[in-house]
file my_file.txt (compact mmCIF, C-alpha atoms)
# COMPACT_ATOMS: atom_id res chain seq x y z
CA MET V 1 -4.00 -30.18 14.82
CA LYS V 2 -5.67 -27.40 16.81
CA ILE V 3 -3.50 -25.05 18.82
CA THR V 4 -5.24 -26.06 22.07
CA THR V 5 -4.19 -29.68 21.54
CA LEU V 6 -0.53 -28.86 20.92
CA PRO V 7 2.04 -29.26 23.68
CA LEU V 8 2.86 -25.88 25.20
CA HIS V 9 6.46 -25.84 23.96
CA VAL V 10 5.44 -26.02 20.28
CA ARG V 11 2.68 -23.43 20.36
CA PRO V 12 3.69 -20.33 18.33
CA ARG V 13 4.03 -17.90 21.24
CA GLU V 14 5.99 -20.29 23.42
CA LYS V 15 8.10 -21.38 20.45
CA LEU V 16 8.93 -17.74 19.69
CA LYS V 17 10.04 -17.13 23.26
CA ARG V 18 12.21 -20.23 23.22
CA LEU V 19 13.73 -20.12 19.73
CA GLY V 20 13.15 -16.62 18.31
CA THR V 21 11.09 -15.41 15.36
CA SER V 22 13.41 -16.85 12.70
CA GLN V 23 12.53 -20.40 13.73
CA LEU V 24 8.78 -19.97 13.25
CA LYS V 25 7.05 -21.17 10.09
CA ASP V 26 5.04 -18.73 7.97
CA HIS V 27 1.68 -19.88 9.28
CA GLU V 28 2.92 -19.62 12.88
CA LEU V 29 4.02 -16.01 12.37
CA LEU V 30 0.69 -15.19 10.75
CA ALA V 31 -1.14 -16.86 13.63
CA LEU V 32 0.64 -14.57 16.10
CA VAL V 33 -0.47 -11.52 14.12
CA LEU V 34 -4.08 -12.74 13.88
CA ARG V 35 -4.11 -13.71 17.59
CA THR V 36 -7.50 -15.46 17.45
CA GLY V 37 -9.32 -17.78 15.11
CA THR V 38 -12.99 -18.04 14.16
CA VAL V 39 -15.92 -20.25 15.10
CA LYS V 40 -14.95 -22.65 12.31
CA HIS V 41 -11.17 -22.55 12.60
CA ASP V 42 -8.69 -21.94 15.38
CA VAL V 43 -5.94 -19.42 14.65
CA LEU V 44 -3.40 -21.96 13.34
CA GLU V 45 -5.96 -23.57 11.04
CA LEU V 46 -7.04 -20.14 9.78
CA SER V 47 -3.43 -19.15 9.06
CA LYS V 48 -2.76 -22.36 7.14
CA LYS V 49 -6.00 -21.91 5.19
CA ILE V 50 -5.03 -18.38 4.13
CA LEU V 51 -1.50 -19.40 3.12
CA ARG V 52 -2.79 -22.27 1.01
CA HIS V 53 -4.12 -19.60 -1.37
CA ARG V 54 -1.39 -16.96 -1.05
CA LYS V 55 2.20 -17.04 0.12
CA LEU V 56 3.29 -14.38 2.61
CA GLU V 57 5.01 -12.38 -0.11
CA GLN V 58 1.83 -12.37 -2.22
CA LEU V 59 -0.29 -11.53 0.80
CA SER V 60 1.96 -8.53 1.54
CA ARG V 61 1.08 -6.96 -1.84
CA MET V 62 -2.67 -7.23 -1.38
CA SER V 63 -4.86 -4.27 -0.50
CA LEU V 64 -6.85 -4.23 2.72
CA GLU V 65 -10.03 -4.82 0.74
CA GLU V 66 -8.58 -7.91 -0.93
CA MET V 67 -7.51 -9.35 2.43
CA GLU V 68 -10.98 -8.77 3.88
CA ARG V 69 -12.44 -11.08 1.22
CA TYR V 70 -10.79 -14.08 2.86
CA GLU V 71 -13.25 -15.98 5.00
CA GLY V 72 -12.29 -15.54 8.64
CA LEU V 73 -10.27 -12.34 8.28
CA GLY V 74 -12.65 -9.41 8.36
CA GLU V 75 -11.69 -5.79 8.84
CA SER V 76 -9.97 -6.12 12.22
CA LYS V 77 -7.73 -9.10 11.38
CA ALA V 78 -7.00 -7.81 7.87
CA SER V 79 -5.95 -4.46 9.35
CA SER V 80 -3.57 -6.20 11.75
CA VAL V 81 -1.98 -8.17 8.90
CA ALA V 82 -1.67 -5.07 6.70
CA ALA V 83 -0.09 -3.12 9.57
CA ALA V 84 2.42 -5.91 10.25
CA PHE V 85 3.49 -5.96 6.61
CA GLU V 86 3.81 -2.16 6.53
CA ILE V 87 6.05 -2.20 9.63
CA GLY V 88 8.29 -4.76 7.95
CA LYS V 89 8.35 -2.75 4.73
CA ARG V 90 9.32 0.46 6.51
CA VAL V 91 12.13 -1.23 8.43
CA TYR V 92 13.38 -2.86 5.22
CA ASP V 93 13.22 0.44 3.33
CA THR V 94 15.43 2.14 5.92
CA LYS V 95 18.03 -0.61 5.52
CA THR V 96 18.00 -0.75 1.73
CA SER V 97 21.23 0.74 0.42
CA GLU V 98 19.95 1.34 -3.10
CA PRO V 99 17.41 4.19 -3.26
CA VAL V 100 14.14 3.68 -5.11
CA ILE V 101 14.17 5.93 -8.17
CA VAL V 102 10.89 7.12 -9.65
CA ASN V 103 11.60 8.65 -13.05
CA SER V 104 8.72 7.58 -15.26
CA PRO V 105 5.04 6.57 -15.30
CA SER V 106 6.12 2.93 -15.57
CA ASP V 107 8.18 3.33 -12.37
CA VAL V 108 5.05 4.66 -10.65
CA SER V 109 2.94 1.82 -12.00
CA MET V 110 5.40 -0.74 -10.64
CA GLN V 111 5.09 0.82 -7.18
CA LEU V 112 1.29 0.55 -7.21
CA ASN V 113 0.67 -3.18 -7.64
CA ASP V 114 -1.11 -3.22 -4.28
CA ILE V 115 -3.94 -0.92 -5.43
CA LYS V 116 -4.40 -1.81 -9.11
CA SER V 117 -7.16 -4.31 -8.35
CA ALA V 118 -8.76 -2.40 -5.46
CA SER V 119 -12.49 -1.74 -5.71
CA LYS V 120 -12.10 1.80 -4.35
CA GLU V 121 -9.95 4.62 -5.67
CA HIS V 122 -6.69 5.16 -3.75
CA PHE V 123 -4.97 8.51 -4.23
CA VAL V 124 -1.23 8.28 -3.57
CA ALA V 125 1.59 10.83 -3.46
CA PHE V 126 5.22 9.90 -4.16
CA LEU V 127 7.51 12.35 -2.39
CA LEU V 128 10.84 12.74 -4.20
CA ASN V 129 14.15 14.45 -3.59
CA ALA V 130 16.09 16.43 -6.21
CA ARG V 131 17.45 13.19 -7.75
CA ASN V 132 13.99 11.59 -7.99
CA HIS V 133 14.82 9.24 -5.12
CA LEU V 134 11.67 8.17 -3.34
CA LEU V 135 11.55 9.71 0.14
CA ARG V 136 8.13 8.42 1.05
CA ARG V 137 4.86 7.15 -0.37
CA GLU V 138 1.74 8.70 1.18
CA THR V 139 -1.85 7.50 0.75
CA VAL V 140 -3.81 10.74 0.60
CA SER V 141 -7.35 9.37 0.35
CA ILE V 142 -9.39 6.25 -0.28
CA GLY V 143 -12.79 6.54 -1.92
CA THR V 144 -14.42 8.20 -4.89
CA LEU V 145 -12.04 10.88 -6.15
CA SER V 146 -13.29 14.41 -5.53
CA THR V 147 -11.90 17.79 -4.58
CA SER V 148 -13.32 17.28 -1.07
CA LEU V 149 -11.23 14.11 -0.62
CA VAL V 150 -8.07 15.28 -2.38
CA HIS V 151 -7.06 18.71 -1.16
CA PRO V 152 -3.64 20.29 -1.84
CA ARG V 153 -2.88 20.46 1.89
CA GLU V 154 -3.17 16.65 2.15
CA VAL V 155 -0.55 16.28 -0.59
CA PHE V 156 1.82 19.11 0.28
CA GLU V 157 1.82 18.88 4.08
CA PRO V 158 3.91 15.67 4.05
CA ALA V 159 5.87 16.97 1.05
CA ILE V 160 6.96 19.98 3.12
CA ARG V 161 7.57 17.85 6.21
CA TYR V 162 9.89 15.47 4.32
CA LYS V 163 11.56 18.32 2.40
CA SER V 164 10.49 16.99 -1.00
CA ALA V 165 11.80 18.64 -4.14
CA SER V 166 8.93 17.32 -6.23
CA VAL V 167 5.87 15.06 -6.09
CA ILE V 168 4.24 12.55 -8.40
CA VAL V 169 0.60 11.81 -7.62
CA ALA V 170 -1.27 8.74 -8.76
CA HIS V 171 -4.52 6.90 -8.31
CA ASN V 172 -6.25 3.76 -9.55
CA HIS V 173 -9.36 3.38 -11.68
CA PRO V 174 -11.30 0.30 -10.51
CA SER V 175 -13.24 0.36 -13.80
CA GLY V 176 -10.08 -0.72 -15.66
CA ASP V 177 -10.15 2.33 -17.95
CA PRO V 178 -7.34 4.80 -17.11
CA THR V 179 -8.88 7.64 -19.13
CA PRO V 180 -8.90 10.74 -16.88
CA SER V 181 -12.29 12.05 -15.76
CA ASP V 182 -13.19 15.73 -15.53
CA ALA V 183 -12.57 15.46 -11.76
CA ASP V 184 -9.11 13.99 -12.39
CA ILE V 185 -8.23 16.93 -14.63
CA ARG V 186 -9.57 19.53 -12.18
CA ILE V 187 -7.67 18.04 -9.25
CA THR V 188 -4.47 17.84 -11.30
CA THR V 189 -4.73 21.50 -12.30
CA GLN V 190 -5.39 22.49 -8.68
CA LEU V 191 -2.37 20.55 -7.42
CA VAL V 192 -0.05 21.92 -10.11
CA LYS V 193 -1.04 25.50 -9.22
CA ALA V 194 -0.54 24.86 -5.51
CA GLY V 195 2.86 23.30 -6.23
CA GLU V 196 3.94 26.37 -8.20
CA ILE V 197 3.12 28.59 -5.22
CA LEU V 198 4.96 26.33 -2.77
CA GLY V 199 7.93 25.64 -5.03
CA ILE V 200 7.29 21.87 -5.06
CA GLU V 201 6.67 20.70 -8.61
CA ILE V 202 3.99 18.16 -9.48
CA LEU V 203 5.90 16.11 -12.05
CA ASP V 204 3.03 13.89 -13.16
CA HIS V 205 -0.33 12.41 -12.27
CA VAL V 206 -0.43 8.72 -13.19
CA ILE V 207 -3.67 6.75 -13.40
CA VAL V 208 -3.32 2.98 -13.09
CA SER V 209 -5.67 0.09 -13.70
CA LYS V 210 -5.20 -3.64 -13.42
CA GLN V 211 -3.74 -3.94 -16.92
CA THR V 212 -2.36 -0.55 -17.90
CA PHE V 213 -1.56 3.04 -16.87
CA LEU V 214 -1.78 6.58 -18.21
CA SER V 215 0.40 9.65 -17.67
CA MET V 216 -1.51 12.92 -17.50
CA LYS V 217 1.71 14.77 -18.30
CA ALA V 218 2.10 12.74 -21.50
CA GLU V 219 -1.54 13.50 -22.31
CA GLY V 220 -0.81 17.26 -22.04
CA HIS V 221 -2.69 17.96 -18.80
CA ILE V 222 0.56 19.01 -17.07
CA LYS V 223 2.86 21.43 -18.89
call {"tool": "encode", "arguments": {"input": "my_file.txt", "output": "structure tokens"}}
result
Amino acid sequence: MKITTLPLHVRPREKLKRLGTSQLKDHELLALVLRTGTVKHDVLELSKKILRHRKLEQLSRMSLEEMERYEGLGESKASSVAAAFEIGKRVYDTKTSEPVIVNSPSDVSMQLNDIKSASKEHFVAFLLNARNHLLRRETVSIGTLSTSLVHPREVFEPAIRYKSASVIVAHNHPSGDPTPSDADIRITTQLVKAGEILGIEILDHVIVSKQTFLSMKAEGHIK
């Protein structure tokens, strides 16, 4: 049933006002985020169509590029959905009593499920306190990895702002092969040297792919 044919009191916005967000179904919440439908589907139909393929929890782990592949989403709607999930994640993170600990390359890999299948390279910095508790995850750049895209200031500016004791950087290889390129090695060396000057240690640079990961520290590129 199209949203325009529904009685006013059961339309998502009116239902939210009357009953609160907790009483809305998943597709109704998604419809409110999307706001409008497409030529083929109204917003409720579009929301149901998307959730037939992915549950909300699965959708929340997808990259922006993956969301954009859904017919009817596009860049604007996908951005709205991604932003809504990020708001929820940040609120949840502030309420979580148990800190996220990032001690190993496998810990890093587990935190990067959202970019492992992305078609572009995402360079991410994990900002840690002295106990390796995750203070914040920062996306530094998206695109082909190069020294022009990944500059020490982009990594260390938030690290200084959040008073990080150390940083682990990571990025994905869309090719599926986590072997570091010459550019990966150069950038790692540059970041390690900058960290030594600033007193914020680069603990590791982890490269992830859909199936596996590689630690540049374990490979001897970070002493």
call {"tool": "residues_around", "arguments": {"input": "my_file.txt", "residues": "Ala83 of chain V", "least_positions_apart": "4", "cutoff": "12 Å", "atoms": "all atoms listed in the file", "output": "mmCIF file with C-alpha atoms, keeping the file's coordinate frame"}}
result
data_model
loop_
_atom_site.group_PDB
_atom_site.id
_atom_site.type_symbol
_atom_site.label_atom_id
_atom_site.label_comp_id
_atom_site.auth_asym_id
_atom_site.auth_seq_id
_atom_site.Cartn_x
_atom_site.Cartn_y
_atom_site.Cartn_z
ATOM 1 C CA VAL V 33 -0.470 -11.520 14.120
ATOM 2 C CA LEU V 34 -4.080 -12.740 13.880
ATOM 3 C CA SER V 60 1.960 -8.530 1.540
ATOM 4 C CA MET V 62 -2.670 -7.230 -1.380
ATOM 5 C CA SER V 63 -4.860 -4.270 -0.500
ATOM 6 C CA LEU V 64 -6.850 -4.230 2.720
ATOM 7 C CA GLU V 75 -11.690 -5.790 8.840
ATOM 8 C CA SER V 76 -9.970 -6.120 12.220
ATOM 9 C CA LYS V 77 -7.730 -9.100 11.380
ATOM 10 C CA ALA V 78 -7.000 -7.810 7.870
ATOM 11 C CA SER V 79 -5.950 -4.460 9.350
ATOM 12 C CA ILE V 87 6.050 -2.200 9.630
ATOM 13 C CA GLY V 88 8.290 -4.760 7.950
ATOM 14 C CA LYS V 89 8.350 -2.750 4.730
ATOM 15 C CA ARG V 90 9.320 0.460 6.510
#
call {"tool": "residues_around", "arguments": {"input": "my_file.txt", "residues": "Phe126 of chain V", "least_positions_apart": "6", "cutoff": "6 Å", "atoms": "all atoms listed in the file", "output": "list in words"}}
result
Arg137, Val167 and Ile168 of chain V
call {"tool": "residues_around", "arguments": {"input": "my_file.txt", "residues": "Ser106 of chain V", "least_positions_apart": "2", "cutoff": "10 Å", "atoms": "all atoms listed in the file", "output": "list in words"}}
result
Val102, Asn103, Ser104, Val108, Ser109, Met110, Gln111, Leu112, Val206, Val208, Thr212, Phe213, Leu214 and Ser215 of chain V
call {"tool": "closest_residue", "arguments": {"input": "my_file.txt", "among": "V:Leu19, V:Val169, V:Leu128, V:Ile160", "to": "Leu191 of chain V", "atoms": "all atoms listed in the file"}}
result
V:Val169
call {"tool": "closest_residue", "arguments": {"input": "my_file.txt", "among": "V:Glu57, V:Glu68, V:Glu196, V:Asp177", "to": "Ser80 of chain V", "atoms": "only C-alpha atoms"}}
result
V:Glu68
call {"tool": "atom_distance", "arguments": {"input": "my_file.txt", "atom1": "atom CA of Leu127 of chain V", "atom2": "atom CA of Arg153 of chain V"}}
result
13.9 Å
call {"tool": "atom_distance", "arguments": {"input": "my_file.txt", "atom1": "atom CA of Ala125 of chain V", "atom2": "atom CA of Ser166 of chain V"}}
result
10.2 Å
call {"tool": "closest_residue", "arguments": {"input": "my_file.txt", "among": "V:Ala118, V:Leu8, V:Val100, V:Ala31", "to": "Arg61 of chain V", "atoms": "only C-alpha atoms"}}
result
V:Ala118
call {"tool": "atom_distance", "arguments": {"input": "my_file.txt", "atom1": "atom CA of Glu157 of chain V", "atom2": "atom CA of Arg186 of chain V"}}
result
19.9 Å
call {"tool": "closest_residue", "arguments": {"input": "my_file.txt", "among": "V:Glu201, V:Asp114, V:Glu65, V:Glu14", "to": "His171 of chain V", "atoms": "only C-alpha atoms"}}
result
V:Asp114
call {"tool": "closest_residue", "arguments": {"input": "my_file.txt", "among": "V:Glu121, V:Glu154, V:Glu45, V:Glu71", "to": "Ala170 of chain V", "atoms": "all atoms listed in the file"}}
result
V:Glu121
call {"tool": "closest_residue", "arguments": {"input": "my_file.txt", "among": "V:Ser47, V:Lys116, V:Leu29, V:Val91", "to": "Ser209 of chain V", "atoms": "only C-alpha atoms"}}
result
V:Lys116
call {"tool": "decode", "arguments": {"input": "my_file.txt", "residues": "segment 59-70 of chain V", "atoms": "N, CA and C atoms", "output": "PDB file, in the first residue's frame"}}
result
ATOM      1  N   LEU V  59      22.620  -3.307   6.943  1.00  0.00           N
ATOM      2  CA  LEU V  59      22.710  -2.049   6.199  1.00  0.00           C
ATOM      3  C   LEU V  59      23.655  -1.072   6.894  1.00  0.00           C
ATOM      4  N   SER V  60      23.659  -1.089   8.225  1.00  0.00           N
ATOM      5  CA  SER V  60      24.490  -0.151   8.988  1.00  0.00           C
ATOM      6  C   SER V  60      25.980  -0.406   8.803  1.00  0.00           C
ATOM      7  N   ARG V  61      26.352  -1.619   8.382  1.00  0.00           N
ATOM      8  CA  ARG V  61      27.773  -1.961   8.210  1.00  0.00           C
ATOM      9  C   ARG V  61      28.256  -1.724   6.780  1.00  0.00           C
ATOM     10  N   MET V  62      27.355  -1.345   5.901  1.00  0.00           N
ATOM     11  CA  MET V  62      27.730  -1.162   4.505  1.00  0.00           C
ATOM     12  C   MET V  62      28.394   0.187   4.283  1.00  0.00           C
ATOM     13  N   SER V  63      29.300   0.235   3.323  1.00  0.00           N
ATOM     14  CA  SER V  63      29.924   1.499   2.947  1.00  0.00           C
ATOM     15  C   SER V  63      28.941   2.322   2.123  1.00  0.00           C
ATOM     16  N   LEU V  64      29.240   3.595   1.991  1.00  0.00           N
ATOM     17  CA  LEU V  64      28.391   4.484   1.195  1.00  0.00           C
ATOM     18  C   LEU V  64      28.288   3.975  -0.236  1.00  0.00           C
ATOM     19  N   GLU V  65      29.389   3.502  -0.767  1.00  0.00           N
ATOM     20  CA  GLU V  65      29.395   3.004  -2.150  1.00  0.00           C
ATOM     21  C   GLU V  65      28.474   1.801  -2.311  1.00  0.00           C
ATOM     22  N   GLU V  66      28.487   0.910  -1.326  1.00  0.00           N
ATOM     23  CA  GLU V  66      27.622  -0.262  -1.392  1.00  0.00           C
ATOM     24  C   GLU V  66      26.147   0.134  -1.337  1.00  0.00           C
ATOM     25  N   MET V  67      25.823   1.107  -0.481  1.00  0.00           N
ATOM     26  CA  MET V  67      24.436   1.571  -0.397  1.00  0.00           C
ATOM     27  C   MET V  67      23.970   2.180  -1.720  1.00  0.00           C
ATOM     28  N   GLU V  68      24.862   2.912  -2.367  1.00  0.00           N
ATOM     29  CA  GLU V  68      24.506   3.601  -3.607  1.00  0.00           C
ATOM     30  C   GLU V  68      24.160   2.625  -4.725  1.00  0.00           C
ATOM     31  N   ARG V  69      24.573   1.365  -4.588  1.00  0.00           N
ATOM     32  CA  ARG V  69      24.272   0.380  -5.626  1.00  0.00           C
ATOM     33  C   ARG V  69      22.818  -0.065  -5.612  1.00  0.00           C
ATOM     34  N   TYR V  70      22.109   0.211  -4.512  1.00  0.00           N
ATOM     35  CA  TYR V  70      20.695  -0.142  -4.449  1.00  0.00           C
ATOM     36  C   TYR V  70      19.895   0.772  -5.368  1.00  0.00           C
TER      37      TYR V  70
END
